[in-house]
Amino acid sequence: MWALLVLIGAAAASAHLQDLAFDGQKVFRVIPENDEQVEIINSLASNIEVDFWQPDSVTLVRPKMQVDFRVEADISFEVEDLLKESGMEYRVLIDNLQAAVDAQFDSKARTTSHSYEKYNNWETIAAWTADIAAQNPDLVSRSVIGETYEGRPMYILKMGKSGPNKKAIFMDCGFHAREWISPAFCQWFVKEAVETYGKDTVMTTLLDNLDFYVLPVVNIDGYVYTWTNDRMWRKTRSKNAGSRCIGTDPNRNFNAGWCTLGASKSPCDPTYCGSAPESEKETKALADFIREHLSTIKAYLTVHSYSQLLLFPYSYTYKLPSNYEELNSIARAAAKQLSSLYNTKYTYGPGATTIYPAAGGSDDWVYDEGIKYAFTFELRDTGRYGFVLPESQIKPTCEETLLAVKYIANYVLEHLY
């Protein structure tokens, strides 16, 4: 077996550094049964470039855990041979990633303009933020909370009827660049708010009594890069001093157990925590905005993908939050609401115990700042498509997620503090 690993390493070394076509690349799912099989995955990752989809780093792999990872085309057969030889349970989730990437764009809405049922590039989303505010001046306003590393303005939408002393809910999407279904949900949420205000009693009550701050894409530079260069890019696009590797994981960059569990100090790793908390312009802008509005923001929702989870603090520690029972019961009820539409099953619970420890996340940070309702959504699916969820699933994904978000928002409204 080790001879096979050496062979794989040699084959990988002769491969192109970054062939952007994903033709022939495979995504495997393995379930290591014991420490020995975990070690095989570790040594595989140290010999070749392995892109971990779930969990997001090899350091988090444990026995009995479902592990999804992507490998280059020219070594995919050797990797499969290795898995067979090791006796590890595995299957090929995606046989040809390029085909799956192409098949994402299966929406019937083939328009060059903005559409809620397709993936929109950043230029289209930016123009949409201006349009939606201009068309709904009594309900939506747009402002800029900062700019990205590459100098793009970070637009935030404030939604709600104007009124005195209103409390607010903050929602963001697009932390990790390749999680395209996430920004699609933020756009959908805004659409639903403006279209159903005055018609849907729950939405009308929410917008009359609360403000919603919606940040449609946090990691704009990374998102742009997934459209232009590398669909599988995850991090920001900032340069790292003393390293040729680019970017920081923005969801490891907050001052909540920063760079301890489940985060990496190496700039080349996908979970790199950055040079310091809030070293990224994007995370600093978000954190500054929340600090400025701490007296009004009563809940925080952050939307990621994939794996169908509804998580709450903590992820940087195994200790439970002080209002654990309350958060757990909200998550349980929200997950039930979500599944009522298409029977999509969500797992819920504190991040560290429900999936794996991860320090420096935005949800833990806002919770420690005193916002006691903090939730992370991991949207569809559970791995069949992973980060390349087809556009035909945008509508059902957003419809069901909206039910959970409305449930949480309504709960917050009834339990203001």
# chains A, B, ... in the order shown; residues from 1 in each chain; ligands from 1
$ closest_atom_pairs --of "stretch 382-409 of chain A" --to "stretch 190-202 of chain A" --cutoff "12 Å" --atoms "only C-alpha atoms" --output "JSON lines"
{"residue": "A:Lys395", "atom": "CA", "partner": "A:Glu192", "partner_atom": "CA", "distance": 11.7}
{"residue": "A:Cys398", "atom": "CA", "partner": "A:Glu192", "partner_atom": "CA", "distance": 10.0}
{"residue": "A:Glu399", "atom": "CA", "partner": "A:Glu192", "partner_atom": "CA", "distance": 9.4}
{"residue": "A:Thr401", "atom": "CA", "partner": "A:Glu192", "partner_atom": "CA", "distance": 11.8}
{"residue": "A:Leu402", "atom": "CA", "partner": "A:Glu192", "partner_atom": "CA", "distance": 8.6}
{"residue": "A:Leu403", "atom": "CA", "partner": "A:Val202", "partner_atom": "CA", "distance": 10.5}
{"residue": "A:Val405", "atom": "CA", "partner": "A:Val202", "partner_atom": "CA", "distance": 11.4}
{"residue": "A:Lys406", "atom": "CA", "partner": "A:Val202", "partner_atom": "CA", "distance": 7.6}
{"residue": "A:Tyr407", "atom": "CA", "partner": "A:Val202", "partner_atom": "CA", "distance": 9.1}
{"residue": "A:Ile408", "atom": "CA", "partner": "A:Val202", "partner_atom": "CA", "distance": 11.5}
{"residue": "A:Ala409", "atom": "CA", "partner": "A:Val202", "partner_atom": "CA", "distance": 9.6}
$ closest_residue --among "A:Val217, A:Leu157, A:Cys186, A:Ala285" --to "A:Val140" --atoms "only C-alpha atoms"
A:Leu157
$ residues_around --residues "A:Ser275" --least-positions-apart "2" --cutoff "10 Å" --atoms "only C-alpha atoms" --output "list in words"
Asn240, Ala241, Thr248, Asn253, Cys259, Lys265, Ser266, Pro267, Tyr272, Cys273, Pro277, Glu278, Ser279 and Glu280 of chain A
$ select_by_dssp --residues "stretch 170-415 of chain A" --states "helix (DSSP H, G or I)" --output "ChimeraX atom specification"
/A:181-196,201-209,220-228,250-252,281-292,324-342,351-354,362-368,386-388,391-414
$ atom_distance --atom1 "atom CA of A:Val144" --atom2 "atom CA of A:Ala299"
20.7 Å
$ closest_residue --among "A:Leu413, A:Ala334, A:Val388, A:Val366" --to "A:Ser182" --atoms "only C-alpha atoms"
A:Val388
$ residues_around --residues "A:Glu391" --least-positions-apart "2" --cutoff "12 Å" --atoms "only C-alpha atoms" --output "short mmCIF file (atom, residue, chain, number, x, y, z; two decimals) with N, CA, C and O atoms, in the first residue's frame"
data_model
loop_
_atom_site.label_atom_id
_atom_site.label_comp_id
_atom_site.auth_asym_id
_atom_site.auth_seq_id
_atom_site.Cartn_x
_atom_site.Cartn_y
_atom_site.Cartn_z
N ALA A 100 -20.35 17.78 -13.93
CA ALA A 100 -21.23 18.28 -12.86
C ALA A 100 -21.24 19.81 -12.82
O ALA A 100 -22.27 20.43 -12.60
N VAL A 101 -20.06 20.41 -13.06
CA VAL A 101 -19.96 21.88 -13.10
C VAL A 101 -20.81 22.41 -14.25
O VAL A 101 -21.56 23.37 -14.09
N ASP A 102 -20.69 21.78 -15.41
CA ASP A 102 -21.48 22.22 -16.57
C ASP A 102 -22.97 22.04 -16.31
O ASP A 102 -23.79 22.87 -16.71
N ALA A 103 -23.32 20.93 -15.63
CA ALA A 103 -24.73 20.60 -15.41
C ALA A 103 -25.39 21.48 -14.35
O ALA A 103 -26.61 21.47 -14.22
N GLN A 104 -24.59 22.27 -13.61
CA GLN A 104 -25.20 23.21 -12.66
C GLN A 104 -26.19 24.13 -13.34
O GLN A 104 -27.20 24.49 -12.79
N PHE A 105 -25.81 24.56 -14.55
CA PHE A 105 -26.60 25.58 -15.24
C PHE A 105 -27.76 24.93 -16.00
O PHE A 105 -27.82 24.99 -17.22
N ASP A 106 -28.65 24.32 -15.23
CA ASP A 106 -29.76 23.60 -15.88
C ASP A 106 -31.08 24.35 -15.72
O ASP A 106 -32.15 23.82 -15.98
N SER A 107 -30.98 25.62 -15.28
CA SER A 107 -32.19 26.40 -15.06
C SER A 107 -32.87 26.71 -16.39
O SER A 107 -32.23 26.89 -17.41
N LYS A 108 -34.20 26.75 -16.35
CA LYS A 108 -34.96 27.11 -17.55
C LYS A 108 -34.89 28.62 -17.77
O LYS A 108 -35.18 29.11 -18.84
N ALA A 109 -34.52 29.35 -16.73
CA ALA A 109 -34.48 30.82 -16.83
C ALA A 109 -33.17 31.26 -17.48
O ALA A 109 -32.25 31.70 -16.81
N ARG A 110 -33.07 31.11 -18.79
CA ARG A 110 -31.82 31.49 -19.46
C ARG A 110 -31.87 32.94 -19.87
O ARG A 110 -32.17 33.27 -20.99
N SER A 115 -31.75 36.72 -12.29
CA SER A 115 -32.86 35.77 -12.09
C SER A 115 -32.70 35.12 -10.73
O SER A 115 -31.59 34.78 -10.32
N TYR A 116 -33.83 34.93 -10.03
CA TYR A 116 -33.79 34.30 -8.71
C TYR A 116 -33.64 32.79 -8.80
O TYR A 116 -33.42 32.14 -7.79
N GLU A 117 -33.79 32.25 -9.99
CA GLU A 117 -33.72 30.79 -10.15
C GLU A 117 -32.46 30.35 -10.89
O GLU A 117 -32.38 29.24 -11.39
N LYS A 118 -31.49 31.25 -10.98
CA LYS A 118 -30.20 30.84 -11.50
C LYS A 118 -29.08 31.47 -10.68
O LYS A 118 -29.33 32.35 -9.86
N TYR A 119 -27.88 31.00 -10.89
CA TYR A 119 -26.73 31.58 -10.20
C TYR A 119 -26.33 32.85 -10.93
O TYR A 119 -26.13 32.85 -12.15
N ASN A 120 -26.26 33.93 -10.20
CA ASN A 120 -25.89 35.22 -10.78
C ASN A 120 -24.45 35.57 -10.43
O ASN A 120 -24.02 35.34 -9.30
N TRP A 180 -22.20 28.42 -3.90
CA TRP A 180 -23.04 29.31 -4.68
C TRP A 180 -24.51 29.35 -4.26
O TRP A 180 -25.19 30.35 -4.46
N ILE A 181 -25.00 28.27 -3.70
CA ILE A 181 -26.42 28.26 -3.29
C ILE A 181 -26.66 29.28 -2.17
O ILE A 181 -27.77 29.76 -1.98
N ALA A 184 -27.52 32.77 -3.44
CA ALA A 184 -28.83 32.62 -4.10
C ALA A 184 -29.95 32.73 -3.05
O ALA A 184 -31.00 33.31 -3.31
N PHE A 185 -29.69 32.19 -1.84
CA PHE A 185 -30.74 32.29 -0.81
C PHE A 185 -30.93 33.72 -0.32
O PHE A 185 -32.06 34.16 -0.12
N ARG A 380 -28.67 22.57 1.20
CA ARG A 380 -28.55 21.35 0.39
C ARG A 380 -27.21 21.29 -0.32
O ARG A 380 -26.63 22.32 -0.63
N TYR A 385 -24.36 16.35 -5.10
CA TYR A 385 -23.77 17.40 -5.93
C TYR A 385 -22.79 18.28 -5.15
O TYR A 385 -21.97 18.96 -5.75
N PHE A 387 -20.89 21.12 -3.76
CA PHE A 387 -20.82 22.55 -4.06
C PHE A 387 -21.36 22.90 -5.44
O PHE A 387 -21.47 24.08 -5.78
N VAL A 388 -21.68 21.89 -6.25
CA VAL A 388 -22.18 22.17 -7.60
C VAL A 388 -23.65 21.78 -7.73
O VAL A 388 -24.08 21.13 -8.67
N LEU A 389 -24.43 22.24 -6.76
CA LEU A 389 -25.87 22.00 -6.76
C LEU A 389 -26.49 22.61 -8.03
O LEU A 389 -26.24 23.77 -8.33
N GLN A 393 -32.38 23.23 -8.41
CA GLN A 393 -32.64 23.06 -6.97
C GLN A 393 -32.64 24.37 -6.19
O GLN A 393 -32.89 24.37 -4.98
N ILE A 394 -32.38 25.49 -6.88
CA ILE A 394 -32.36 26.77 -6.16
C ILE A 394 -33.73 27.07 -5.56
O ILE A 394 -33.85 27.37 -4.37
N LYS A 395 -34.77 26.97 -6.38
CA LYS A 395 -36.11 27.32 -5.90
C LYS A 395 -36.56 26.46 -4.72
O LYS A 395 -36.90 27.00 -3.65
N PRO A 396 -36.54 25.12 -4.84
CA PRO A 396 -36.96 24.32 -3.67
C PRO A 396 -36.08 24.53 -2.44
O PRO A 396 -36.57 24.57 -1.31
N THR A 397 -34.76 24.69 -2.65
CA THR A 397 -33.85 24.93 -1.52
C THR A 397 -34.22 26.22 -0.80
O THR A 397 -34.30 26.27 0.43
N CYS A 398 -34.45 27.28 -1.58
CA CYS A 398 -34.77 28.58 -0.99
C CYS A 398 -36.15 28.60 -0.36
O CYS A 398 -36.34 29.18 0.72
#
$ closest_residue --among "A:Val30, A:Met154, A:Ala177, A:Ala358" --to "A:Trp233" --atoms "only C-alpha atoms"
A:Ala177
$ closest_residue --among "A:Arg384, A:Lys372, A:Arg152, A:Lys298" --to "A:Lys281" --atoms "only C-alpha atoms"
A:Arg152
$ atom_distance --atom1 "atom CA of A:Asn229" --atom2 "atom CA of A:Ala99"
16.8 Å
$ atom_distance --atom1 "atom CA of A:Pro183" --atom2 "atom CA of A:His304"
8.8 Å
$ select_by_dssp --residues "stretch 189-232 of chain A" --states "strand (DSSP E)" --output "ChimeraX atom specification"
/A:210-215
$ closest_residue --among "A:Ser162, A:Asn251, A:Thr347, A:Asn96" --to "A:Thr302" --atoms "only C-alpha atoms"
A:Asn251
$ residues_around --residues "A:Tyr348" --least-positions-apart "6" --cutoff "7 Å" --atoms "only C-alpha atoms" --output "NGL selection string"
:A and (309-311 or 331-332)
$ decode --residues "stretch 275-302 of chain A" --atoms "N, CA, C and O atoms" --output "mmCIF file, in the first residue's frame"
data_model
loop_
_atom_site.group_PDB
_atom_site.id
_atom_site.type_symbol
_atom_site.label_atom_id
_atom_site.label_comp_id
_atom_site.auth_asym_id
_atom_site.auth_seq_id
_atom_site.Cartn_x
_atom_site.Cartn_y
_atom_site.Cartn_z
ATOM 1 N N SER A 275 -3.607 36.171 9.517
ATOM 2 C CA SER A 275 -2.460 36.595 10.333
ATOM 3 C C SER A 275 -2.878 37.070 11.716
ATOM 4 O O SER A 275 -2.075 37.114 12.643
ATOM 5 N N ALA A 276 -4.160 37.433 11.863
ATOM 6 C CA ALA A 276 -4.710 37.897 13.145
ATOM 7 C C ALA A 276 -6.228 37.896 13.007
ATOM 8 O O ALA A 276 -6.743 37.864 11.888
ATOM 9 N N PRO A 277 -6.973 37.929 14.130
ATOM 10 C CA PRO A 277 -8.428 38.045 13.999
ATOM 11 C C PRO A 277 -8.790 39.310 13.216
ATOM 12 O O PRO A 277 -8.172 40.366 13.411
ATOM 13 N N GLU A 278 -9.745 39.165 12.319
ATOM 14 C CA GLU A 278 -10.200 40.283 11.477
ATOM 15 C C GLU A 278 -9.087 40.861 10.608
ATOM 16 O O GLU A 278 -9.100 42.046 10.266
ATOM 17 N N SER A 279 -8.128 40.026 10.231
ATOM 18 C CA SER A 279 -7.074 40.483 9.315
ATOM 19 C C SER A 279 -7.645 40.741 7.922
ATOM 20 O O SER A 279 -7.083 41.527 7.160
ATOM 21 N N GLU A 280 -8.752 40.093 7.606
ATOM 22 C CA GLU A 280 -9.379 40.271 6.297
ATOM 23 C C GLU A 280 -10.285 41.493 6.300
ATOM 24 O O GLU A 280 -11.061 41.692 7.241
ATOM 25 N N LYS A 281 -10.203 42.280 5.234
ATOM 26 C CA LYS A 281 -11.026 43.488 5.163
ATOM 27 C C LYS A 281 -12.519 43.144 5.223
ATOM 28 O O LYS A 281 -13.322 43.882 5.787
ATOM 29 N N GLU A 282 -12.867 41.993 4.639
ATOM 30 C CA GLU A 282 -14.271 41.589 4.598
ATOM 31 C C GLU A 282 -14.801 41.246 5.994
ATOM 32 O O GLU A 282 -15.897 41.676 6.376
ATOM 33 N N THR A 283 -14.027 40.478 6.759
ATOM 34 C CA THR A 283 -14.498 40.103 8.093
ATOM 35 C C THR A 283 -14.485 41.314 9.027
ATOM 36 O O THR A 283 -15.370 41.466 9.865
ATOM 37 N N LYS A 284 -13.511 42.189 8.835
ATOM 38 C CA LYS A 284 -13.452 43.396 9.670
ATOM 39 C C LYS A 284 -14.662 44.305 9.402
ATOM 40 O O LYS A 284 -15.266 44.839 10.346
ATOM 41 N N ALA A 285 -15.023 44.457 8.146
ATOM 42 C CA ALA A 285 -16.180 45.290 7.791
ATOM 43 C C ALA A 285 -17.457 44.727 8.410
ATOM 44 O O ALA A 285 -18.278 45.462 8.977
ATOM 45 N N LEU A 286 -17.594 43.410 8.336
ATOM 46 C CA LEU A 286 -18.770 42.758 8.905
ATOM 47 C C LEU A 286 -18.786 42.929 10.430
ATOM 48 O O LEU A 286 -19.809 43.313 11.017
ATOM 49 N N ALA A 287 -17.637 42.673 11.054
ATOM 50 C CA ALA A 287 -17.549 42.778 12.516
ATOM 51 C C ALA A 287 -17.777 44.220 12.984
ATOM 52 O O ALA A 287 -18.478 44.457 13.976
ATOM 53 N N ASP A 288 -17.200 45.175 12.261
ATOM 54 C CA ASP A 288 -17.391 46.590 12.615
ATOM 55 C C ASP A 288 -18.868 46.968 12.549
ATOM 56 O O ASP A 288 -19.388 47.657 13.431
ATOM 57 N N PHE A 289 -19.529 46.514 11.493
ATOM 58 C CA PHE A 289 -20.953 46.839 11.328
ATOM 59 C C PHE A 289 -21.771 46.271 12.492
ATOM 60 O O PHE A 289 -22.623 46.951 13.071
ATOM 61 N N ILE A 290 -21.496 45.030 12.839
ATOM 62 C CA ILE A 290 -22.244 44.406 13.941
ATOM 63 C C ILE A 290 -21.942 45.102 15.272
ATOM 64 O O ILE A 290 -22.859 45.372 16.059
ATOM 65 N N ARG A 291 -20.677 45.446 15.496
ATOM 66 C CA ARG A 291 -20.343 46.177 16.727
ATOM 67 C C ARG A 291 -21.085 47.516 16.804
ATOM 68 O O ARG A 291 -21.585 47.899 17.857
ATOM 69 N N GLU A 292 -21.176 48.193 15.669
ATOM 70 C CA GLU A 292 -21.872 49.493 15.640
ATOM 71 C C GLU A 292 -23.367 49.356 15.916
ATOM 72 O O GLU A 292 -24.005 50.297 16.368
ATOM 73 N N HIS A 293 -23.921 48.182 15.600
ATOM 74 C CA HIS A 293 -25.369 47.988 15.739
ATOM 75 C C HIS A 293 -25.717 46.963 16.815
ATOM 76 O O HIS A 293 -26.804 46.388 16.804
ATOM 77 N N LEU A 294 -24.788 46.757 17.749
ATOM 78 C CA LEU A 294 -24.986 45.718 18.776
ATOM 79 C C LEU A 294 -26.252 45.943 19.604
ATOM 80 O O LEU A 294 -26.886 44.978 20.040
ATOM 81 N N SER A 295 -26.617 47.188 19.824
ATOM 82 C CA SER A 295 -27.784 47.433 20.673
ATOM 83 C C SER A 295 -29.082 47.049 19.968
ATOM 84 O O SER A 295 -30.090 46.794 20.627
ATOM 85 N N THR A 296 -29.050 46.987 18.635
ATOM 86 C CA THR A 296 -30.296 46.662 17.920
ATOM 87 C C THR A 296 -30.335 45.246 17.352
ATOM 88 O O THR A 296 -31.403 44.669 17.243
ATOM 89 N N ILE A 297 -29.175 44.696 16.968
ATOM 90 C CA ILE A 297 -29.193 43.347 16.354
ATOM 91 C C ILE A 297 -29.427 42.284 17.421
ATOM 92 O O ILE A 297 -28.658 42.152 18.368
ATOM 93 N N LYS A 298 -30.496 41.536 17.239
ATOM 94 C CA LYS A 298 -30.888 40.537 18.240
ATOM 95 C C LYS A 298 -30.718 39.092 17.756
ATOM 96 O O LYS A 298 -30.863 38.154 18.542
ATOM 97 N N ALA A 299 -30.462 38.929 16.470
ATOM 98 C CA ALA A 299 -30.237 37.583 15.945
ATOM 99 C C ALA A 299 -29.297 37.665 14.762
ATOM 100 O O ALA A 299 -29.235 38.685 14.065
ATOM 101 N N TYR A 300 -28.556 36.580 14.566
ATOM 102 C CA TYR A 300 -27.587 36.501 13.476
ATOM 103 C C TYR A 300 -27.768 35.175 12.754
ATOM 104 O O TYR A 300 -27.772 34.110 13.383
ATOM 105 N N LEU A 301 -27.937 35.245 11.436
ATOM 106 C CA LEU A 301 -28.084 34.045 10.619
ATOM 107 C C LEU A 301 -27.018 34.070 9.532
ATOM 108 O O LEU A 301 -26.895 35.056 8.801
ATOM 109 N N THR A 302 -26.246 33.016 9.428
ATOM 110 C CA THR A 302 -25.234 32.941 8.378
ATOM 111 C C THR A 302 -25.474 31.679 7.561
ATOM 112 O O THR A 302 -25.769 30.617 8.114
#
